[in-house]
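Structure, as structure tokens:
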Amino acid sequence: MPSVNISMKPTDTSNPEYFHKVVDCQWGCPAHTDVPAYIRMIAQGDFSAAYMENRKSNVFPGILGRVCDRPCEPACRRRRVEENPVAICRLKRVAADHRDDITDRLPKAPETSNGKKVALIGAGCASLTVANDLAPMGYEVTIFEALQTTGGLMRTNIPQFRLPPKVLDEEIGYILDMNVDLKLNHPIESLKSLLEENFDAVFVGTGAPRGKNLEIPGRYDSDRIHIGIDWLESVAFEHVKEIGKQVLIIGVGNTAMDCCRTSLRIGAENVKVMARKPREFFKASAWELEDAEEENVEILVNHSPQEFVIEGGKLVGMKFELMEYKVDENGGIDRGTVVGEKIIPCDDVVLAIGQDNAFPWIERDIGIEFNDWDCPLVDETTMMSGRKGVFFGGDSAFGPKNIIWAVEHGHQAAISIHRYCQGESIDDRLPYGLNLASQKMGMHEWSFSNYYDGASRRLMPHVDLKERFKKINIEVELGFTAEQAVQEVERCLNCDIQTVFKADLCIECDACIDICPVNCLTITKNGEEDELRTRLSAPAENHAQALYVSAELPHTGRVMIKDEDLCVHCSLCAERCPTGAWDMQKSTILVPYAKNEIPDNQSLPAAVSGS
Amino acid sequence: MSYIAKPKVSHPGMPRNKLGLTSRDYEGTVSTLCAGCGHDSITAAIIQAVFELGVEPHMLAKMSGIGCSSKTPAYFVSQAHGFNSVHGRMPSVTTGASAANRDLLYIGVSGDGDSLSIGIGQFVHAIRRNVNMCYVIENNGVYGLTKGQFSASADIGSKPKKGEANNQEPIDPVSTALSLGATYIARSFSGDKEQLIPLLKGALMHRGFALVDIVSPCVTFNDHEGSTKSYAHTRQFYHHVIDMDYVPPAEEIKAAYAKGDAMPIEMHDGSTIVFRKVDQDYDLTSRASAFKYLRERFHAGEISTGLLYLDESRAEMHELMGNIDTPLSQLPFEGLNPGNAELKKLQKGYR
């Protein structure tokens, strides 16, 4: 038997992080949305509750249910037992689409303010989240927006056929109704002078507004070469209403996908997306590529742009070098070799090769430091810059990320702003908590649908290919039908219903081990982790997933080991256990928000530790 | 028991046997026995044993009588043949089945009630005939199906959940089988699969009658303090006498054993059983010394486990009777019934 000092220690399940990690989707979500909980609410037909559960953490369920970058889905456990994850994102939309009027459940601003004034610059998702968290606490919140409307890139860069303005207006309206003072057409020209005004804290949520340029010959010889995000904004505000018949999109990220699909709706007949590298190096999400290709957009790989071909002052095409790359076994790619040259004719070119931060309006002598990419130096936990009382969030903080990260930045900044305004240390933040509650309802009855449903992922229905191009604002995705939603929710494995083990009750009858469909349980002598992983019931090769190790079992001194990797949370271990040593308990991760800082308002129940 | 079936989903990295099947392919319907029943662990061990042996499901016959134990053939290898007979009559039915089709692999699953009370006459004669079968006794010392009365294997002094302790001598299937001339005799514990699975594999591959007596705690009626067949009591007093590994034909014996310590014995199908003696003076080839040893240890309160006796030399039923190799079930009617003329000729020879 291995000596005690190299054996694994019993898992500390009272640390909220342990069970949080088992809920892969929630762990993968920057805002830690309790995904399985809201999916169960949808399963029960309580769409409004599902919507509110979402709103608690991600603030914009209707918006995110359409356009979230969905880091939860690649993380989904379902992908490890079969190919496709649960359609988490689109189920969020189901909750939003079918909710009743929930306005009376929303937080409201109190009658009297707390006397503290906060300025939010930019009316995008980050600032709106800060407003959402602080306004109900009595803060006087003012949003300054340069454009004539709210939403930031959600409105200017995401086309209407993916995100209808009505959805934006509704969810932004919920926040503005909390007595938020919105100043449109009000660009901030100088942070210094804003700081001289009477604000207790300032939050910068201005995004990464500068589209990258492509400085190659011919760039300034035609007015038919556009910067992607600026062009999308012009289309959104109807300053641009048409484009040539042949369009080239340079770059293959998500913005490129929006550009090519927008082109098809305002006159383009032939759109090619030009990629410098092979497909596995594309930045765009797989589903956005799929949606573009469904609309017959052609994506050409290994084309490196060389120059714009101008004839008689008119853009007629673009010259590319044809590339070949070597990819090594670790997936690394070399700089490539030129194997040819090609001119592709076009009427317009849209550059969608990334975007940068730009803060021409922030003076460099007010205590905020910037790096070489014009990104401010911001604390990743508190979101505060070098200048006390000035906070950043969203793309403006660390460069382009996505909406769900901006929301999380907003929540964290709100906590900091509150503590800062109250004269407390912003580093001394509330910890995460954990609640565990048994889900046993009877001998063979659990509070959740525990059977493994083998159905495959439902396909999102789309508007007919001809129909969808008739107007620019026809939303392509129709949303799941009732039947699809009913089927898709059953695919969720309820990873938040934890298998909780009490070693002192175990009689080592092996019942749980015998019934486990995915062989994730073993009773064996303790040992060092790597060695232990080689002698479990089934190979435990995914080191990213923890081994749950029990205390010594009373009869033999061996330990119960559970490999969390493939557990489908079917509850059979708990159902077959004669002594109740296994139980299925819902883990609720208690995520602290700004409102929890106020003792009267502390809705965090006392943490119950597991054993 | 569970209301949902074991889901079809499985670990993508599951091993496959020589037929390309996983152990999941050898499962049966979901058990309706009490949660925590030792019998379910034995079922899991049988599944693992036949999976590892690469048994073709249609070449396996599952035989049983009546009792909790006798329900269990429903819980493994759904695609195999099966016969659920009258109480205690499994040995006779298996004898008949084996007589008709000697090509099948027979596994009889019985309990202490089914084999040592109502069926003991059948049990001893199956041994005497040396029927080629693996005979499993799921031994829990009580009649679980009728709510926990003592069975014939209950130890003296063992306490029931309520009422008086047992004061009658138990029948020990292992010493009974030793005295009757069984050729493969083993005892194990449902909670020790590491020992049980090789014992079952050896028993399935043994030519002749192979008894595996398995202490299998009744979690509902005989798992309390004072019981001598509880999980806790068995763990405290059970003892490995001889450990063994089953090595299939044509597979190299791993050199994991120190010389002198391990002893290989070849079996009829070319496979090998490798023994490791835990008790150095135990001789598993001597009926007399095995009997003496086991009785002594039994009176000392110890539960002796492992492969306790092996004799590969004795002929099994078909050899004793001089039967042809072809199973009778495969002979054409004319072969089984040569007709009146032939019968007359035979009778004439006896006159």
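Order determines the names: the first chain of the structure tokens is A, the second B, and so forth; residues in each chain are numbered 1 upward, and ligands are numbered 1 upward as they are shown.
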Give as a list in words every residue of chain A that touches chain B within 7 Å, counting only C-alpha atoms. Val81, His444, Tyr451, Tyr452, Ile507, Glu508, Cys509, Asp510, Ala511, Asp514, Ile515, Pro517, Val518, Asn519, Ala538, Pro539, His555, Glu575, Arg576, Cys577 and Pro578 of chain A
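Within 6 Å of segment 120-132 of chain B, once only C-alpha atoms are used and residues closer than 6 positions along the same chain are dropped, the contacting residues are Pro91, Ala182, Arg207, Gly208, Phe209, Glu316 and Met317 of chain B.
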Expected file contents, prior selection, C-alpha atoms, as a PDB file, in the first residue's frame:
ATOM      1  CA  PRO B  91     -29.784 -29.450 -11.200  1.00  0.00           C
ATOM      2  CA  ALA B 182     -16.975 -32.568  -6.974  1.00  0.00           C
ATOM      3  CA  ARG B 207     -14.764 -29.780 -17.403  1.00  0.00           C
ATOM      4  CA  GLY B 208     -17.222 -31.277 -14.942  1.00  0.00           C
ATOM      5  CA  PHE B 209     -19.162 -29.975 -11.988  1.00  0.00           C
ATOM      6  CA  GLU B 316     -17.588 -35.684 -16.594  1.00  0.00           C
ATOM      7  CA  MET B 317     -21.084 -37.028 -17.244  1.00  0.00           C
TER       8      MET B 317
END
Nearest to Asp243 of chain B, restricted to only C-alpha atoms and choosing among B:Ser227, B:Ser188, B:Thr272, B:Thr29, comes out as B:Ser188
One decimal, Å: what's the distance from atom CA of Ser571 of chain A over to atom CA of Gln48 of chain B, could you say?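 Atom CA of Gln48 of chain B lies at a distance of 22.6 Å from atom CA of Ser571 of chain A.
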Find the residues near Ile273 of chain B: any atom within 12 Å, counting only C-alpha atoms, skip ones fewer than 5 places away on the same chain, and give them as a PyMOL selection string. chain B and resi 184+198-203+205-206+242-249+251-254+262-268+307+310-312
Write the residues you've just listed into a file as a tab-separated table (two decimals), in the first residue's frame, and include N, CA and C atoms for each of them.
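The result, stored in part25.tsv:
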chain	number	residue	atom	x	y	z
B	184	TYR	N	-14.31	-29.22	-8.90
B	184	TYR	CA	-13.86	-27.81	-8.85
B	184	TYR	C	-14.70	-27.17	-7.76
B	198	PRO	N	-12.07	-14.32	-11.45
B	198	PRO	CA	-11.26	-15.46	-11.93
B	198	PRO	C	-11.84	-16.82	-11.50
B	199	LEU	N	-12.41	-16.87	-10.29
B	199	LEU	CA	-13.02	-18.14	-9.84
B	199	LEU	C	-14.16	-18.55	-10.77
B	200	LEU	N	-14.97	-17.57	-11.18
B	200	LEU	CA	-16.09	-17.87	-12.07
B	200	LEU	C	-15.59	-18.28	-13.45
B	201	LYS	N	-14.53	-17.61	-13.92
B	201	LYS	CA	-14.00	-17.96	-15.24
B	201	LYS	C	-13.47	-19.40	-15.23
B	202	GLY	N	-12.73	-19.74	-14.16
B	202	GLY	CA	-12.22	-21.10	-14.03
B	202	GLY	C	-13.37	-22.11	-13.97
B	203	ALA	N	-14.42	-21.76	-13.22
B	203	ALA	CA	-15.55	-22.67	-13.06
B	203	ALA	C	-16.27	-22.89	-14.38
B	205	MET	N	-14.98	-22.72	-17.34
B	205	MET	CA	-14.12	-23.44	-18.28
B	205	MET	C	-13.76	-24.85	-17.78
B	206	HIS	N	-14.04	-25.14	-16.50
B	206	HIS	CA	-13.71	-26.46	-15.95
B	206	HIS	C	-14.58	-27.53	-16.60
B	242	ILE	N	-6.29	-19.68	-1.14
B	242	ILE	CA	-5.55	-19.83	-2.40
B	242	ILE	C	-6.07	-18.77	-3.36
B	243	ASP	N	-5.20	-17.91	-3.88
B	243	ASP	CA	-5.61	-16.98	-4.92
B	243	ASP	C	-5.33	-17.61	-6.26
B	244	MET	N	-6.11	-17.25	-7.24
B	244	MET	CA	-5.87	-17.82	-8.56
B	244	MET	C	-6.12	-16.82	-9.66
B	245	ASP	N	-5.48	-17.06	-10.80
B	245	ASP	CA	-5.76	-16.30	-12.00
B	245	ASP	C	-6.12	-17.27	-13.09
B	246	TYR	N	-7.02	-16.86	-13.95
B	246	TYR	CA	-7.37	-17.69	-15.09
B	246	TYR	C	-6.64	-17.14	-16.31
B	247	VAL	N	-5.87	-17.98	-16.98
B	247	VAL	CA	-5.14	-17.54	-18.18
B	247	VAL	C	-5.70	-18.29	-19.37
B	248	PRO	N	-6.30	-17.57	-20.33
B	248	PRO	CA	-6.94	-18.24	-21.47
B	248	PRO	C	-5.94	-19.02	-22.32
B	249	PRO	N	-6.41	-19.96	-23.16
B	249	PRO	CA	-5.52	-20.75	-24.00
B	249	PRO	C	-4.65	-19.84	-24.86
B	251	GLU	N	-2.44	-17.83	-24.29
B	251	GLU	CA	-1.97	-16.55	-23.78
B	251	GLU	C	-0.83	-16.80	-22.82
B	252	GLU	N	0.18	-15.96	-22.93
B	252	GLU	CA	1.36	-16.19	-22.11
B	252	GLU	C	1.06	-15.90	-20.64
B	253	ILE	N	1.62	-16.76	-19.79
B	253	ILE	CA	1.44	-16.52	-18.35
B	253	ILE	C	2.37	-15.40	-17.95
B	254	LYS	N	1.80	-14.35	-17.40
B	254	LYS	CA	2.62	-13.19	-17.02
B	254	LYS	C	3.57	-13.58	-15.89
B	262	ALA	N	4.06	-19.52	-7.32
B	262	ALA	CA	2.95	-19.73	-8.23
B	262	ALA	C	3.00	-21.13	-8.82
B	263	MET	N	1.83	-21.68	-9.07
B	263	MET	CA	1.77	-23.04	-9.58
B	263	MET	C	0.73	-23.10	-10.70
B	264	PRO	N	1.18	-23.30	-11.96
B	264	PRO	CA	0.20	-23.38	-13.03
B	264	PRO	C	-0.37	-24.79	-13.19
B	265	ILE	N	-1.66	-24.89	-13.43
B	265	ILE	CA	-2.28	-26.18	-13.75
B	265	ILE	C	-3.03	-26.00	-15.07
B	266	GLU	N	-2.73	-26.89	-16.02
B	266	GLU	CA	-3.39	-26.76	-17.32
B	266	GLU	C	-4.78	-27.38	-17.26
B	267	MET	N	-5.71	-26.74	-17.95
B	267	MET	CA	-7.07	-27.26	-17.98
B	267	MET	C	-7.33	-27.92	-19.32
B	268	HIS	N	-8.51	-28.55	-19.44
B	268	HIS	CA	-8.79	-29.36	-20.63
B	268	HIS	C	-8.87	-28.56	-21.91
B	307	LEU	N	-10.00	-20.87	-4.47
B	307	LEU	CA	-10.20	-22.17	-5.11
B	307	LEU	C	-9.71	-23.22	-4.11
B	310	LEU	N	-9.38	-28.83	-6.63
B	310	LEU	CA	-9.41	-28.96	-8.09
B	310	LEU	C	-8.91	-30.33	-8.49
B	311	ASP	N	-9.68	-30.99	-9.36
B	311	ASP	CA	-9.27	-32.27	-9.93
B	311	ASP	C	-9.63	-32.24	-11.41
B	312	GLU	N	-8.62	-32.12	-12.25
B	312	GLU	CA	-8.88	-32.04	-13.69
B	312	GLU	C	-8.93	-33.42	-14.34
Counting only C-alpha atoms, what is within 7 Å of Asp133 of chain A, bar same-chain residues fewer than 4 positions away, as a tab-separated table (two decimals) with N, CA and C atoms, in the first residue's frame?
chain	number	residue	atom	x	y	z
A	129	THR	N	-24.95	46.80	-17.78
A	129	THR	CA	-24.91	45.86	-16.66
A	129	THR	C	-24.59	46.59	-15.36
A	411	HIS	N	-20.71	43.34	-13.88
A	411	HIS	CA	-21.06	42.90	-12.52
A	411	HIS	C	-19.90	43.18	-11.55
A	414	ALA	N	-19.45	46.84	-10.89
A	414	ALA	CA	-20.51	47.37	-10.02
A	414	ALA	C	-20.18	47.11	-8.55
A	594	ALA	N	-23.36	43.05	-6.60
A	594	ALA	CA	-23.24	44.29	-5.82
A	594	ALA	C	-24.31	44.36	-4.73
A	595	LYS	N	-25.53	43.95	-5.06
A	595	LYS	CA	-26.64	44.09	-4.10
A	595	LYS	C	-26.39	43.27	-2.82
Write out as a PDB file with C-alpha atoms, in the first residue's frame each polymer residue whose atoms come within 10 Å of segment 257-262 of chain A, counting only C-alpha atoms; drop sequence neighbours fewer than 2 positions from it.
ATOM      1  CA  ASN A 157     -22.340  45.596 -35.523  1.00  0.00           C
ATOM      2  CA  ILE A 158     -24.768  42.723 -35.167  1.00  0.00           C
ATOM      3  CA  PRO A 159     -27.123  42.712 -38.144  1.00  0.00           C
ATOM      4  CA  GLN A 160     -30.851  42.896 -37.596  1.00  0.00           C
ATOM      5  CA  PHE A 161     -31.421  39.540 -39.263  1.00  0.00           C
ATOM      6  CA  ARG A 162     -29.604  37.981 -36.327  1.00  0.00           C
ATOM      7  CA  GLY A 228     -16.092  46.145 -41.560  1.00  0.00           C
ATOM      8  CA  ILE A 229     -17.433  47.455 -38.259  1.00  0.00           C
ATOM      9  CA  TRP A 231     -19.624  49.684 -42.642  1.00  0.00           C
ATOM     10  CA  LEU A 232     -21.945  47.510 -40.551  1.00  0.00           C
ATOM     11  CA  VAL A 235     -25.856  49.792 -42.771  1.00  0.00           C
ATOM     12  CA  ALA A 236     -27.541  49.608 -39.343  1.00  0.00           C
ATOM     13  CA  GLU A 242     -26.493  49.016 -51.235  1.00  0.00           C
ATOM     14  CA  ILE A 243     -23.298  47.329 -52.304  1.00  0.00           C
ATOM     15  CA  VAL A 247     -18.022  41.534 -52.889  1.00  0.00           C
ATOM     16  CA  LEU A 248     -14.872  40.291 -51.219  1.00  0.00           C
ATOM     17  CA  ILE A 249     -14.718  40.087 -47.433  1.00  0.00           C
ATOM     18  CA  ILE A 250     -11.191  40.041 -46.045  1.00  0.00           C
ATOM     19  CA  GLY A 251     -10.874  38.088 -42.808  1.00  0.00           C
ATOM     20  CA  VAL A 252     -12.745  35.143 -41.431  1.00  0.00           C
ATOM     21  CA  GLY A 253     -13.916  36.075 -37.940  1.00  0.00           C
ATOM     22  CA  ASN A 254     -17.470  36.557 -36.743  1.00  0.00           C
ATOM     23  CA  THR A 255     -17.536  40.153 -38.033  1.00  0.00           C
ATOM     24  CA  LEU A 264     -26.223  39.486 -49.644  1.00  0.00           C
ATOM     25  CA  ARG A 265     -29.175  41.444 -48.316  1.00  0.00           C
ATOM     26  CA  ILE A 266     -28.301  44.810 -49.896  1.00  0.00           C
ATOM     27  CA  GLY A 267     -27.504  43.844 -53.444  1.00  0.00           C
ATOM     28  CA  ALA A 268     -24.487  41.540 -53.575  1.00  0.00           C
ATOM     29  CA  ASN A 270     -21.543  36.860 -55.321  1.00  0.00           C
ATOM     30  CA  VAL A 271     -19.766  37.116 -51.987  1.00  0.00           C
ATOM     31  CA  LYS A 272     -16.420  35.545 -51.247  1.00  0.00           C
ATOM     32  CA  VAL A 273     -14.803  35.431 -47.846  1.00  0.00           C
ATOM     33  CA  ALA A 284     -15.268  32.596 -36.606  1.00  0.00           C
ATOM     34  CA  SER A 285     -17.450  30.292 -34.511  1.00  0.00           C
ATOM     35  CA  GLU A 288     -21.548  31.332 -37.751  1.00  0.00           C
ATOM     36  CA  LEU A 289     -19.521  29.763 -40.567  1.00  0.00           C
ATOM     37  CA  GLU A 290     -22.306  27.237 -41.089  1.00  0.00           C
ATOM     38  CA  ASP A 291     -24.961  29.930 -41.270  1.00  0.00           C
ATOM     39  CA  ALA A 292     -22.935  31.902 -43.838  1.00  0.00           C
ATOM     40  CA  GLU A 293     -22.237  28.860 -45.970  1.00  0.00           C
ATOM     41  CA  GLU A 295     -26.455  31.278 -47.692  1.00  0.00           C
ATOM     42  CA  ASN A 296     -23.991  30.174 -50.393  1.00  0.00           C
ATOM     43  CA  VAL A 297     -21.165  32.413 -49.298  1.00  0.00           C
ATOM     44  CA  GLU A 298     -17.938  31.026 -50.682  1.00  0.00           C
ATOM     45  CA  VAL A 350     -14.962  44.856 -46.798  1.00  0.00           C
ATOM     46  CA  LEU A 351     -12.083  44.589 -44.327  1.00  0.00           C
ATOM     47  CA  ALA A 352     -12.989  42.460 -41.309  1.00  0.00           C
ATOM     48  CA  PHE A 469     -33.151  38.050 -48.485  1.00  0.00           C
ATOM     49  CA  ILE A 472     -32.564  43.214 -44.340  1.00  0.00           C
ATOM     50  CA  ASN A 473     -34.378  42.730 -41.040  1.00  0.00           C
TER      51      ASN A 473
END
Could you tell me, as a PDB file with C-alpha atoms, in the first residue's frame, which residues of segment 151-238 of chain A DSSP assigns to helix (DSSP H, G or I) when given the backbone?
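Written output follows (states24.pdb):
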ATOM      1  CA  LEU A 153     -22.011  47.096 -30.925  1.00  0.00           C
ATOM      2  CA  MET A 154     -25.038  44.902 -30.204  1.00  0.00           C
ATOM      3  CA  ARG A 155     -26.986  47.345 -32.363  1.00  0.00           C
ATOM      4  CA  THR A 156     -24.363  48.709 -34.731  1.00  0.00           C
ATOM      5  CA  PRO A 165     -33.984  45.785 -32.647  1.00  0.00           C
ATOM      6  CA  LYS A 166     -37.199  44.999 -30.759  1.00  0.00           C
ATOM      7  CA  VAL A 167     -35.326  42.495 -28.578  1.00  0.00           C
ATOM      8  CA  LEU A 168     -32.612  45.055 -27.851  1.00  0.00           C
ATOM      9  CA  ASP A 169     -35.080  47.811 -27.053  1.00  0.00           C
ATOM     10  CA  GLU A 170     -37.012  45.634 -24.659  1.00  0.00           C
ATOM     11  CA  GLU A 171     -34.093  44.376 -22.589  1.00  0.00           C
ATOM     12  CA  ILE A 172     -32.255  47.704 -22.561  1.00  0.00           C
ATOM     13  CA  GLY A 173     -35.562  49.351 -21.646  1.00  0.00           C
ATOM     14  CA  TYR A 174     -35.793  47.198 -18.494  1.00  0.00           C
ATOM     15  CA  ILE A 175     -32.569  48.825 -17.283  1.00  0.00           C
ATOM     16  CA  LEU A 176     -33.289  52.384 -18.404  1.00  0.00           C
ATOM     17  CA  LEU A 191     -12.215  62.234 -19.537  1.00  0.00           C
ATOM     18  CA  LYS A 192     -10.325  64.855 -17.604  1.00  0.00           C
ATOM     19  CA  SER A 193     -13.180  67.340 -17.792  1.00  0.00           C
ATOM     20  CA  LEU A 194     -15.716  64.610 -16.956  1.00  0.00           C
ATOM     21  CA  LEU A 195     -13.703  63.802 -13.854  1.00  0.00           C
ATOM     22  CA  GLU A 196     -13.957  67.421 -12.824  1.00  0.00           C
ATOM     23  CA  GLY A 228     -16.092  46.145 -41.560  1.00  0.00           C
ATOM     24  CA  ILE A 229     -17.433  47.455 -38.259  1.00  0.00           C
ATOM     25  CA  ASP A 230     -17.854  51.011 -39.587  1.00  0.00           C
ATOM     26  CA  TRP A 231     -19.624  49.684 -42.642  1.00  0.00           C
ATOM     27  CA  LEU A 232     -21.945  47.510 -40.551  1.00  0.00           C
ATOM     28  CA  GLU A 233     -22.792  50.551 -38.431  1.00  0.00           C
ATOM     29  CA  SER A 234     -23.581  52.586 -41.558  1.00  0.00           C
ATOM     30  CA  VAL A 235     -25.856  49.792 -42.771  1.00  0.00           C
ATOM     31  CA  ALA A 236     -27.541  49.608 -39.343  1.00  0.00           C
TER      32      ALA A 236
END
What's the 6 Å shell around segment 492-499 of chain A, counting only C-alpha atoms, without same-chain residues fewer than 3 positions away, as a list in words? Val23, Pro36, Val489, Val568, Asp583, Met584, Gln585, Lys586 and Ser587 of chain A
With only C-alpha atoms as the basis for distance, which of A:Leu532, A:Ala256, A:Ile121, A:Cys72 is at the shortest distance from Ile299 of chain A?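 Between A:Leu532, A:Ala256, A:Ile121, A:Cys72, the residue approaching Ile299 of chain A most closely is A:Ala256.
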From B:Lys344, B:Arg16, B:Arg102, B:His299, residue lying nearest Met133 of chain B [only C-alpha atoms]: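 Checking each candidate against Met133 of chain B, we get B:Arg102 as the closest.
Distance-wise, atom CA of Leu91 of chain A and atom CA of Pro461 of chain A end up 13.3 Å apart.
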